[in-house]
$ cat work30.cif   # mmCIF, C-alpha atoms
data_upload
#
loop_
_atom_site.label_atom_id
_atom_site.label_comp_id
_atom_site.auth_asym_id
_atom_site.auth_seq_id
_atom_site.Cartn_x
_atom_site.Cartn_y
_atom_site.Cartn_z
CA MET A 22 13.55 2.06 -31.92
CA ASN A 23 12.58 2.20 -28.25
CA MET A 24 9.30 4.09 -27.98
CA ASP A 25 8.83 3.62 -24.22
CA LYS A 26 7.49 6.66 -22.38
CA ARG A 27 8.85 7.99 -19.10
CA VAL A 28 6.43 7.72 -16.15
CA VAL A 29 6.40 10.11 -13.21
CA VAL A 30 4.42 10.67 -10.01
CA THR A 31 2.54 13.98 -9.79
CA GLY A 32 0.26 13.37 -6.81
CA MET A 33 -0.04 11.30 -3.63
CA GLY A 34 -2.68 10.71 -0.99
CA VAL A 35 -2.73 8.61 2.19
CA VAL A 36 -5.19 7.48 4.83
CA SER A 37 -3.44 5.49 7.56
CA SER A 38 -3.33 4.72 11.25
CA VAL A 39 -0.46 7.22 11.61
CA GLY A 40 -2.06 10.04 9.64
CA CYS A 41 -4.80 10.82 7.15
CA ASN A 42 -2.76 13.05 4.88
CA VAL A 43 0.74 12.80 3.45
CA GLU A 44 2.27 15.41 5.76
CA LYS A 45 0.99 13.82 8.98
CA PHE A 46 1.79 10.34 7.70
CA TRP A 47 5.40 11.21 6.94
CA ASP A 48 5.95 13.15 10.14
CA SER A 49 4.77 10.13 12.13
CA LEU A 50 7.02 7.72 10.24
CA VAL A 51 10.25 9.69 10.55
CA ASN A 52 9.60 10.23 14.25
CA GLY A 53 8.83 6.58 14.92
CA VAL A 54 5.22 7.20 15.95
CA SER A 55 3.08 4.06 16.00
CA GLY A 56 -0.59 3.96 15.03
CA ILE A 57 -1.08 0.51 16.56
CA THR A 58 -3.47 0.57 19.53
CA LYS A 59 -5.79 -1.71 21.41
CA ILE A 60 -8.88 -2.38 19.33
CA THR A 61 -11.62 0.19 19.97
CA TYR A 62 -13.91 -0.44 16.99
CA PHE A 63 -15.57 -3.40 18.75
CA PRO A 64 -15.11 -5.61 21.85
CA SER A 65 -12.09 -7.87 21.44
CA ASP A 66 -12.15 -9.89 24.66
CA ASP A 67 -12.98 -13.15 22.86
CA LEU A 68 -10.78 -12.53 19.82
CA PRO A 69 -7.33 -14.05 19.25
CA SER A 70 -5.71 -10.64 18.70
CA LYS A 71 -6.53 -7.45 20.55
CA VAL A 72 -4.53 -4.77 18.73
CA ALA A 73 -4.88 -3.10 15.33
CA GLY A 74 -3.94 -0.11 13.24
CA GLU A 75 -7.25 1.74 13.38
CA ILE A 76 -8.10 5.06 11.69
CA HIS A 77 -8.86 7.62 14.39
CA ASP A 78 -8.39 11.09 12.89
CA PHE A 79 -10.40 10.78 9.67
CA ASP A 80 -12.68 13.76 9.09
CA LEU A 81 -15.18 13.57 6.22
CA GLU A 82 -15.35 17.32 5.70
CA GLU A 83 -11.58 17.72 5.66
CA GLN A 84 -11.36 14.92 3.12
CA GLY A 85 -14.00 16.51 0.89
CA ILE A 86 -16.49 13.66 1.30
CA ASP A 87 -20.15 14.44 1.93
CA LYS A 88 -22.10 12.49 4.52
CA PRO A 89 -24.78 11.09 2.15
CA PHE A 90 -22.04 9.50 0.02
CA ALA A 91 -20.29 8.10 3.12
CA ARG A 92 -23.53 6.59 4.44
CA ARG A 93 -23.90 4.56 1.24
CA GLN A 94 -20.33 3.23 1.12
CA ASP A 95 -18.12 0.75 2.89
CA LYS A 96 -15.17 2.25 4.73
CA PHE A 97 -12.65 0.93 2.22
CA THR A 98 -14.31 2.97 -0.54
CA ILE A 99 -14.46 6.10 1.62
CA TYR A 100 -10.75 5.80 2.39
CA ALA A 101 -9.91 5.17 -1.27
CA VAL A 102 -11.85 8.20 -2.48
CA ALA A 103 -10.21 10.36 0.19
CA ALA A 104 -6.70 9.25 -0.80
CA ALA A 105 -7.50 9.74 -4.49
CA SER A 106 -8.88 13.21 -3.80
CA GLN A 107 -5.67 14.20 -2.01
CA ALA A 108 -3.57 12.84 -4.86
CA MET A 109 -5.60 14.44 -7.63
CA LYS A 110 -5.60 17.80 -5.88
CA GLN A 111 -1.82 17.71 -5.62
CA SER A 112 -1.42 16.58 -9.23
CA GLY A 113 -3.62 19.31 -10.68
CA LEU A 114 -5.07 16.88 -13.22
CA CYS A 115 -8.63 17.60 -14.33
CA ALA A 116 -10.70 15.53 -16.74
CA LYS A 117 -14.04 17.33 -16.41
CA ALA A 118 -14.93 21.01 -16.25
CA SER A 119 -17.46 20.50 -13.46
CA GLU A 120 -14.58 20.35 -10.97
CA GLY A 121 -14.20 24.13 -11.35
CA ALA A 122 -11.11 24.00 -13.54
CA GLU A 123 -10.47 23.62 -17.24
CA PRO A 124 -9.79 20.01 -18.25
CA ASN A 125 -6.14 19.29 -18.95
CA ILE A 126 -6.39 15.59 -19.84
CA ASP A 127 -8.58 13.61 -22.22
CA PRO A 128 -10.92 11.62 -19.94
CA PHE A 129 -10.35 8.52 -22.09
CA ARG A 130 -6.59 8.88 -21.44
CA LEU A 131 -7.07 8.86 -17.63
CA GLY A 132 -7.39 5.45 -15.98
CA VAL A 133 -8.06 4.11 -12.48
CA TYR A 134 -6.10 1.14 -11.15
CA VAL A 135 -7.26 1.02 -7.52
CA GLY A 136 -7.71 -2.36 -5.91
CA SER A 137 -8.54 -4.05 -2.62
CA GLY A 138 -7.49 -7.38 -1.24
CA ILE A 139 -10.89 -8.08 0.29
CA GLY A 140 -13.31 -5.23 -0.35
CA GLY A 141 -16.26 -4.41 1.85
CA TRP A 142 -15.83 -6.76 4.78
CA ASN A 143 -17.65 -4.34 7.10
CA THR A 144 -20.64 -4.29 4.75
CA GLN A 145 -20.63 -8.07 4.48
CA ALA A 146 -20.73 -8.40 8.27
CA VAL A 147 -23.75 -6.08 8.53
CA GLU A 148 -25.70 -7.80 5.76
CA TYR A 149 -24.94 -11.36 6.85
CA LYS A 150 -26.17 -10.47 10.32
CA LYS A 151 -29.43 -9.28 8.76
CA LEU A 152 -29.72 -12.46 6.71
CA PHE A 153 -29.42 -14.76 9.71
CA SER A 154 -31.42 -12.68 12.19
CA GLU A 155 -34.12 -11.07 10.04
CA GLY A 156 -34.22 -12.95 6.76
CA PRO A 157 -33.28 -12.34 3.11
CA ARG A 158 -35.92 -9.68 2.44
CA TRP A 159 -33.98 -7.27 4.66
CA ILE A 160 -30.75 -7.46 2.68
CA SER A 161 -29.86 -4.06 1.23
CA PRO A 162 -30.40 -3.75 -2.53
CA THR A 163 -27.05 -1.93 -2.66
CA PHE A 164 -25.18 -4.73 -0.87
CA ALA A 165 -23.45 -6.19 -3.94
CA ALA A 166 -22.44 -2.79 -5.31
CA THR A 167 -21.04 -1.74 -1.93
CA MET A 168 -18.90 -4.75 -1.00
CA ILE A 169 -17.26 -5.74 -4.29
CA PRO A 170 -13.52 -4.91 -4.35
CA ASN A 171 -13.69 -2.92 -7.62
CA ILE A 172 -16.25 -0.42 -6.36
CA ALA A 173 -13.67 1.90 -4.80
CA GLY A 174 -12.07 2.37 -8.20
CA GLY A 175 -15.50 2.78 -9.78
CA ASN A 176 -16.37 5.60 -7.41
CA ILE A 177 -13.00 7.28 -8.04
CA ALA A 178 -13.61 7.11 -11.79
CA ILE A 179 -17.03 8.71 -11.35
CA ARG A 180 -15.70 11.48 -9.13
CA PHE A 181 -12.88 12.46 -11.49
CA GLY A 182 -14.42 11.63 -14.85
CA ALA A 183 -11.80 9.00 -15.63
CA CYS A 184 -13.15 7.16 -18.68
CA GLY A 185 -9.93 5.29 -19.49
CA PRO A 186 -9.00 1.74 -18.48
CA ALA A 187 -9.93 0.48 -15.03
CA LEU A 188 -8.00 -2.38 -13.44
CA PRO A 189 -9.13 -3.18 -9.88
CA VAL A 190 -6.34 -5.53 -8.81
CA THR A 191 -7.10 -8.10 -6.12
CA ALA A 192 -3.91 -9.87 -5.09
CA ALA A 193 -3.98 -10.02 -1.29
CA CYS A 194 -1.15 -8.02 0.30
CA ALA A 195 0.50 -7.38 -3.07
CA THR A 196 -2.62 -5.70 -4.49
CA SER A 197 -1.65 -2.06 -4.66
CA THR A 198 2.00 -2.57 -5.61
CA ILE A 199 0.78 -4.57 -8.61
CA ALA A 200 -1.75 -1.83 -9.35
CA ILE A 201 1.04 0.77 -9.42
CA GLY A 202 3.31 -1.47 -11.48
CA GLU A 203 0.66 -2.26 -14.07
CA ALA A 204 -0.28 1.43 -14.26
CA TYR A 205 3.38 2.20 -14.89
CA ARG A 206 3.47 -0.27 -17.76
CA ALA A 207 0.24 1.02 -19.31
CA ILE A 208 1.58 4.58 -19.39
CA LYS A 209 5.10 3.50 -20.39
CA HIS A 210 3.76 1.71 -23.46
CA GLY A 211 1.51 4.58 -24.47
CA TYR A 212 -1.97 3.26 -23.73
CA VAL A 213 -2.90 6.22 -21.49
CA ASP A 214 -1.49 9.52 -20.28
CA ALA A 215 -2.20 9.12 -16.54
CA ILE A 216 -3.57 6.61 -14.05
CA ILE A 217 -4.91 7.02 -10.52
CA ALA A 218 -3.27 3.98 -8.90
CA GLY A 219 -3.28 2.42 -5.45
CA GLY A 220 -5.36 0.42 -3.02
CA ALA A 221 -7.66 0.53 -0.02
CA GLU A 222 -8.64 -1.77 2.81
CA ALA A 223 -10.90 -1.69 5.86
CA THR A 224 -10.74 -5.15 7.37
CA VAL A 225 -10.37 -4.47 11.06
CA THR A 226 -13.56 -6.39 11.88
CA PRO A 227 -14.35 -9.21 14.31
CA MET A 228 -14.52 -11.67 11.39
CA SER A 229 -11.13 -10.72 9.96
CA VAL A 230 -9.40 -10.70 13.35
CA ALA A 231 -10.88 -14.14 14.06
CA ALA A 232 -9.98 -15.45 10.60
CA PHE A 233 -6.38 -14.27 10.50
CA GLY A 234 -5.92 -14.95 14.20
CA ASN A 235 -7.16 -18.52 13.96
CA SER A 236 -4.78 -19.10 11.06
CA LYS A 237 -1.93 -18.16 13.47
CA ALA A 238 -0.93 -15.15 11.34
CA LEU A 239 -1.76 -12.39 13.86
CA THR A 240 0.17 -11.47 16.95
CA LYS A 241 -1.34 -12.31 20.33
CA VAL A 242 0.77 -9.71 22.12
CA GLU A 243 -1.56 -7.24 23.82
CA ASP A 244 0.95 -4.44 24.39
CA PRO A 245 0.62 -2.25 21.26
CA SER A 246 4.23 -1.08 21.53
CA ARG A 247 5.49 -4.69 21.28
CA ALA A 248 2.85 -6.17 19.00
CA CYS A 249 4.40 -5.64 15.56
CA LEU A 250 8.13 -6.41 15.53
CA PRO A 251 9.41 -6.99 11.98
CA PHE A 252 12.83 -8.69 11.74
CA SER A 253 12.96 -9.14 15.52
CA ALA A 254 13.66 -12.42 17.26
CA ASP A 255 10.62 -11.54 19.40
CA ARG A 256 8.16 -11.17 16.50
CA SER A 257 4.96 -13.15 16.76
CA GLY A 258 2.75 -12.19 13.81
CA PHE A 259 1.33 -9.22 11.98
CA VAL A 260 -1.14 -6.56 13.11
CA LEU A 261 -4.22 -5.87 10.99
CA ALA A 262 -4.78 -2.27 9.93
CA ASP A 263 -7.09 -0.12 7.82
CA GLY A 264 -5.92 2.40 5.25
CA ALA A 265 -5.58 3.56 1.67
CA ALA A 266 -3.07 5.24 -0.57
CA VAL A 267 -3.16 6.54 -4.13
CA LEU A 268 -0.48 7.82 -6.48
CA VAL A 269 -1.16 9.73 -9.68
CA LEU A 270 1.14 8.32 -12.34
CA GLU A 271 1.56 10.41 -15.47
CA GLU A 272 3.50 10.38 -18.71
CA TYR A 273 6.52 12.66 -18.32
CA ASP A 274 5.96 14.93 -21.34
CA HIS A 275 2.26 15.30 -20.48
CA ALA A 276 3.15 16.38 -16.94
CA LYS A 277 5.85 18.79 -18.14
CA ALA A 278 3.58 20.35 -20.75
CA ARG A 279 1.03 21.35 -18.14
CA GLY A 280 3.64 22.55 -15.64
CA ALA A 281 2.98 19.88 -13.01
CA GLU A 282 5.32 19.36 -10.07
CA ILE A 283 7.07 16.03 -10.59
CA LEU A 284 7.63 14.17 -7.34
CA ALA A 285 9.67 11.24 -8.66
CA GLU A 286 10.03 8.94 -11.65
CA VAL A 287 8.80 5.35 -11.68
CA VAL A 288 11.70 3.40 -13.14
CA GLY A 289 11.17 -0.29 -12.44
CA TYR A 290 8.64 -3.02 -11.74
CA GLY A 291 8.92 -6.75 -11.18
CA HIS A 292 6.20 -9.34 -10.62
CA THR A 293 6.38 -13.12 -10.17
CA ASN A 294 4.52 -15.91 -8.44
CA ASP A 295 5.98 -18.53 -6.10
CA ALA A 296 3.77 -21.31 -7.50
CA TYR A 297 4.51 -22.98 -4.16
CA HIS A 298 1.82 -22.58 -1.45
CA VAL A 299 -1.31 -20.52 -0.87
CA THR A 300 0.02 -18.77 2.24
CA ALA A 301 3.65 -19.74 2.90
CA PRO A 302 6.41 -18.11 0.86
CA ASN A 303 8.89 -20.13 -1.16
CA PRO A 304 11.59 -20.76 1.48
CA THR A 305 14.46 -20.50 -1.05
CA GLY A 306 13.64 -16.84 -1.73
CA GLU A 307 14.40 -17.41 -5.42
CA THR A 308 10.97 -16.69 -6.90
CA GLN A 309 10.61 -13.55 -4.77
CA ALA A 310 14.14 -12.48 -5.68
CA ARG A 311 13.32 -12.72 -9.39
CA ALA A 312 10.59 -10.07 -9.05
CA PHE A 313 12.94 -7.86 -7.06
CA SER A 314 15.90 -8.29 -9.42
CA ASP A 315 13.67 -7.68 -12.47
CA CYS A 316 12.62 -4.41 -10.85
CA LEU A 317 16.23 -3.43 -10.13
CA LYS A 318 17.33 -4.29 -13.66
CA GLU A 319 14.62 -2.17 -15.24
CA ALA A 320 15.50 0.66 -12.84
CA GLY A 321 19.10 0.64 -14.09
CA TYR A 322 20.50 -0.38 -10.73
CA THR A 323 24.29 -0.41 -10.30
CA ASP A 324 26.59 -0.92 -7.34
CA ALA A 325 27.00 2.86 -7.17
CA ASP A 326 23.36 3.29 -6.16
CA GLU A 327 22.42 4.19 -2.60
CA VAL A 328 19.35 1.98 -2.26
CA HIS A 329 16.41 2.27 0.11
CA ILE A 330 14.05 -0.70 0.45
CA ASN A 331 10.68 -0.43 2.12
CA ALA A 332 10.33 -4.11 2.95
CA HIS A 333 7.09 -6.05 3.15
CA GLY A 334 8.26 -6.74 6.72
CA THR A 335 5.09 -8.08 8.29
CA GLY A 336 6.55 -9.36 11.56
CA THR A 337 5.78 -13.02 10.84
CA VAL A 338 8.55 -15.59 11.20
CA LEU A 339 8.24 -16.92 7.65
CA ASN A 340 7.95 -13.55 5.88
CA ASP A 341 10.88 -11.77 7.51
CA THR A 342 13.44 -14.56 7.16
CA CYS A 343 12.36 -15.28 3.59
CA GLU A 344 12.39 -11.60 2.61
CA THR A 345 15.87 -11.21 4.05
CA LYS A 346 17.02 -14.19 2.02
CA MET A 347 15.29 -12.77 -1.07
CA ILE A 348 17.12 -9.44 -0.84
CA LYS A 349 20.45 -11.27 -0.52
CA VAL A 350 19.71 -13.48 -3.53
CA ALA A 351 18.74 -10.47 -5.62
CA MET A 352 21.51 -8.08 -4.54
CA GLY A 353 24.38 -10.26 -3.37
CA ASP A 354 26.81 -8.54 -1.01
CA ALA A 355 25.23 -5.17 -1.86
CA ALA A 356 22.25 -6.24 0.25
CA TYR A 357 24.29 -5.36 3.36
CA ARG A 358 24.64 -1.76 2.14
CA ALA A 359 20.93 -1.24 1.48
CA HIS A 360 18.92 1.01 3.79
CA ILE A 361 15.90 -1.13 4.69
CA CYS A 362 12.87 -0.51 6.90
CA SER A 363 9.44 -1.89 7.65
CA THR A 364 6.93 0.91 8.13
CA LYS A 365 4.41 -1.76 9.13
CA SER A 366 6.09 -1.60 12.54
CA MET A 367 4.18 1.71 12.84
CA THR A 368 1.16 1.47 10.53
CA GLY A 369 0.26 -2.17 11.02
CA HIS A 370 -0.61 -4.23 7.95
CA PRO A 371 -3.41 -2.80 5.80
CA LEU A 372 -3.36 -5.80 3.45
CA GLY A 373 -4.29 -4.65 -0.08
CA ALA A 374 -3.47 -1.03 0.74
CA ALA A 375 -0.02 -1.80 2.16
CA GLY A 376 1.92 -1.61 -1.09
CA ALA A 377 0.61 1.81 -2.07
CA ILE A 378 1.07 3.20 1.44
CA GLU A 379 4.64 1.94 1.41
CA ALA A 380 5.23 3.26 -2.12
CA VAL A 381 4.35 6.72 -0.82
CA ALA A 382 6.75 6.22 2.10
CA SER A 383 9.48 5.05 -0.28
CA LEU A 384 9.03 8.07 -2.51
CA LEU A 385 9.13 10.44 0.44
CA ALA A 386 12.29 8.77 1.75
CA LEU A 387 13.92 9.25 -1.65
CA ARG A 388 12.94 12.92 -1.85
CA SER A 389 13.94 13.79 1.71
CA GLY A 390 17.00 11.59 2.11
CA ILE A 391 15.54 10.21 5.34
CA VAL A 392 15.03 6.49 5.93
CA PRO A 393 12.16 5.79 8.36
CA PRO A 394 12.90 3.41 11.22
CA THR A 395 11.72 -0.09 11.97
CA ILE A 396 10.56 0.56 15.50
CA GLY A 397 10.72 -2.04 18.27
CA LEU A 398 13.79 -3.66 16.73
CA ASP A 399 15.80 -4.14 19.92
CA ASN A 400 16.53 -7.84 19.52
CA PRO A 401 17.21 -8.65 15.85
CA ASP A 402 16.75 -12.17 14.57
CA PRO A 403 20.24 -13.51 13.67
CA GLU A 404 18.76 -14.75 10.37
CA CYS A 405 17.63 -11.19 9.60
CA ASP A 406 21.07 -9.62 9.50
CA LEU A 407 20.66 -6.68 7.10
CA ASP A 408 20.38 -2.99 7.98
CA TYR A 409 16.72 -2.52 8.92
CA THR A 410 17.19 1.00 10.36
CA PRO A 411 16.33 0.02 13.95
CA ASN A 412 14.27 2.44 16.06
CA LYS A 413 15.52 5.77 14.69
CA ALA A 414 15.33 7.35 11.25
CA LYS A 415 18.62 8.11 9.55
CA LYS A 416 19.81 10.33 6.74
CA ALA A 417 21.18 8.86 3.52
CA ASP A 418 21.92 10.24 0.07
CA LEU A 419 19.44 7.92 -1.62
CA THR A 420 19.44 7.45 -5.39
CA LEU A 421 16.95 4.58 -5.71
CA ALA A 422 13.92 3.60 -3.62
CA VAL A 423 12.18 0.24 -3.92
CA SER A 424 8.91 -0.81 -2.33
CA ASN A 425 8.54 -4.58 -1.98
CA SER A 426 5.33 -6.56 -1.45
CA LEU A 427 4.46 -10.23 -0.98
CA GLY A 428 0.96 -11.70 -0.80
CA PHE A 429 -1.06 -14.83 -0.10
CA GLY A 430 -1.36 -16.80 -3.31
CA GLY A 431 2.38 -16.46 -3.92
CA HIS A 432 2.35 -12.93 -5.32
CA ASN A 433 5.73 -11.17 -5.34
CA CYS A 434 6.22 -7.65 -6.66
CA ALA A 435 8.36 -4.55 -6.35
CA VAL A 436 8.24 -1.03 -7.77
CA ALA A 437 11.17 1.41 -7.93
CA PHE A 438 11.53 5.20 -7.96
CA ARG A 439 14.28 7.69 -8.80
CA LYS A 440 14.51 11.46 -8.59
CA VAL A 441 13.79 13.12 -11.92
CA LYS A 442 16.84 14.52 -13.68
#
$ encode --input "work30.cif" --output "structure tokens"
Amino acid sequence: MNMDKRVVVTGMGVVSSVGCNVEKFWDSLVNGVSGITKITYFPSDDLPSKVAGEIHDFDLEEQGIDKPFARRQDKFTIYAVAAASQAMKQSGLCAKASEGAEPNIDPFRLGVYVGSGIGGWNTQAVEYKKLFSEGPRWISPTFAATMIPNIAGGNIAIRFGACGPALPVTAACATSTIAIGEAYRAIKHGYVDAIIAGGAEATVTPMSVAAFGNSKALTKVEDPSRACLPFSADRSGFVLADGAAVLVLEEYDHAKARGAEILAEVVGYGHTNDAYHVTAPNPTGETQARAFSDCLKEAGYTDADEVHINAHGTGTVLNDTCETKMIKVAMGDAAYRAHICSTKSMTGHPLGAAGAIEAVASLLALRSGIVPPTIGLDNPDPECDLDYTPNKAKKADLTLAVSNSLGFGGHNCAVAFRKVK
């Protein structure tokens, strides 16, 4: 007998270059508003790329984060806690009475699967500078506990009294999609009742811009409006960004019993590895397509579905052509009917946070029946010949939304959502 549980989303939170809450984030996406600007965090004259998706409207007080806590943390943790706080507030879940509400979940049945591709790169930069200029005795005693990638999830667990399993995924740009997918499986198979799942990143630093730029991955275009051009013949690389997103995943009956608003149902997840190259995708698209088709199969996909795909869509030559091929391999002729977009054309690429940010966008597209645009797509690459929703959002009667992610190390993953019936 099949004992699988149903898994739903009851809360969402976002910190991004286009908005630091879900409402602002979504309004920016559907209106084609870009958060990519010239770098203002630090001088960029000598750096190989001069644009980024920075966070400019983040307010600690509005996010419910006190200044002493913020002073002790790297930015990626601050963003993660903010996104988790938004999501938990919307969900109404409470594991400890000190939050001012009666607990409605066993703390040992509430987990945290929040990861980061890199962790505290800002903190590392500060402490390494101290090491080389002032010596080892000046290194902060909290350095290790501030920069490690799992510490965002640790702080979220502390804040919300989540004593269940903690899985801080680190899988490059696929990090937070895998976190959501593994959270889905843990709830589906009955190990927990709810998981705070997502990812956070704050890597817009001189070191990261130099590192990714010198590897030829970043765009050198200095005009922010033309810097990130997924699926365009004019694309020249991705744009680094900061950000975080968290979804509260919950077992369906648990959510219903407490009267929670159900935003969507998680219905599919696929995850493979190229086993091909540390940075380049498998050019056949077959290993990526297996993750995508596994996700579709679990989601109960049929030709009758009106499918939305939030593509990984980084704006690099290799990614966009390979992802196009992957979708065709997985879906056949139906690929040409899918409503696809790359929201990275507006947010930039927040690495380990990208998947969760795009999962939120996918869910919102499903609920609203609006597909966000891929902005700047005026000159499509002939090899990228699917419907990428160029420049303007469009309405569609969507029945299935899929968020796709690919990452260095060969990670391929996708997670799918449906409306709850």
$ resolve_selection --input "work30.cif" --expression "the PyMOL selection byres ((chain A and resi 346-354) around 8)" --output "VMD selection string"
chain A and resid 305 to 307 309 to 311 313 to 314 342 to 345 355 to 358
$ closest_residue --input "work30.cif" --among "A:Phe79, A:Trp142, A:Phe90, A:Phe63" --to "A:Val39" --atoms "only C-alpha atoms"
A:Phe79
$ atom_distance --input "work30.cif" --atom1 "atom CA of A:Phe46" --atom2 "atom CA of A:Gly397"
18.6 Å
$ residues_around --input "work30.cif" --residues "A:Phe429" --least-positions-apart "6" --cutoff "6 Å" --atoms "only C-alpha atoms" --output "list of chain:residue names"
A:Ala193, A:Val299, A:Thr300
$ residues_near_point --input "work30.cif" --point "(8.0, -9.8, 17.9)" --cutoff "12 Å" --atoms "all atoms listed in the file" --output "MDAnalysis selection string"
chainID A and resid 239:260 334:338 341 366 395:402
$ resolve_selection --input "work30.cif" --expression "the PyMOL selection byres ((chain A and resi 220) around 8)" --output "number ranges by chain"
A: 101, 135-137, 196-197, 200, 218-219, 221-222, 265-267, 373-377
$ closest_residue --input "work30.cif" --among "A:Ile378, A:Arg180, A:Thr167, A:Glu155" --to "A:Lys117" --atoms "only C-alpha atoms"
A:Arg180
$ atom_distance --input "work30.cif" --atom1 "atom CA of A:His329" --atom2 "atom CA of A:Ser363"
11.1 Å
$ atom_distance --input "work30.cif" --atom1 "atom CA of A:Gln84" --atom2 "atom CA of A:Lys110"
11.1 Å
$ residues_near_point --input "work30.cif" --point "(-6.0, 8.4, -26.2)" --cutoff "8 Å" --atoms "all atoms listed in the file" --output "MDAnalysis selection string"
chainID A and resid 127 129:130 212:214
$ resolve_selection --input "work30.cif" --expression "the PyMOL selection byres ((chain A and resi 67-71) around 8)" --output "PyMOL selection string"
chain A and resi 59-60+64-66+72-73+227+230-231+234-235+239-243
$ closest_atom_pairs --input "work30.cif" --of "stretch 256-329 of chain A" --to "stretch 30-38 of chain A" --cutoff "7 Å" --atoms "all atoms listed in the file" --output "tab-separated table"
residue	atom	partner	partner_atom	distance
A:Asp263	CA	A:Ser37	CA	6.7
A:Gly264	CA	A:Ser37	CA	4.6
A:Ala265	CA	A:Val36	CA	5.1
A:Ala266	CA	A:Val35	CA	4.4
A:Val267	CA	A:Gly34	CA	5.2
A:Leu268	CA	A:Met33	CA	4.5
A:Val269	CA	A:Gly32	CA	4.8
A:Leu270	CA	A:Val30	CA	4.7
A:Glu271	CA	A:Val30	CA	6.2
A:Ala281	CA	A:Thr31	CA	6.7
A:Glu282	CA	A:Thr31	CA	6.1
A:Ile283	CA	A:Thr31	CA	5.0
A:Leu284	CA	A:Val30	CA	5.4
A:Ala285	CA	A:Val30	CA	5.5
A:Glu286	CA	A:Val30	CA	6.1
$ write_last_selection --input "work30.cif" --atoms "C-alpha atoms" --output "short mmCIF file (atom, residue, chain, number, x, y, z; two decimals), in the coordinates of the input"
data_model
loop_
_atom_site.label_atom_id
_atom_site.label_comp_id
_atom_site.auth_asym_id
_atom_site.auth_seq_id
_atom_site.Cartn_x
_atom_site.Cartn_y
_atom_site.Cartn_z
CA ASP A 263 -7.09 -0.12 7.82
CA GLY A 264 -5.92 2.40 5.25
CA ALA A 265 -5.58 3.56 1.67
CA ALA A 266 -3.07 5.24 -0.57
CA VAL A 267 -3.16 6.54 -4.13
CA LEU A 268 -0.48 7.82 -6.48
CA VAL A 269 -1.16 9.73 -9.68
CA LEU A 270 1.14 8.32 -12.34
CA GLU A 271 1.56 10.41 -15.47
CA ALA A 281 2.98 19.88 -13.01
CA GLU A 282 5.32 19.36 -10.07
CA ILE A 283 7.07 16.03 -10.59
CA LEU A 284 7.63 14.17 -7.34
CA ALA A 285 9.67 11.24 -8.66
CA GLU A 286 10.03 8.94 -11.65
#
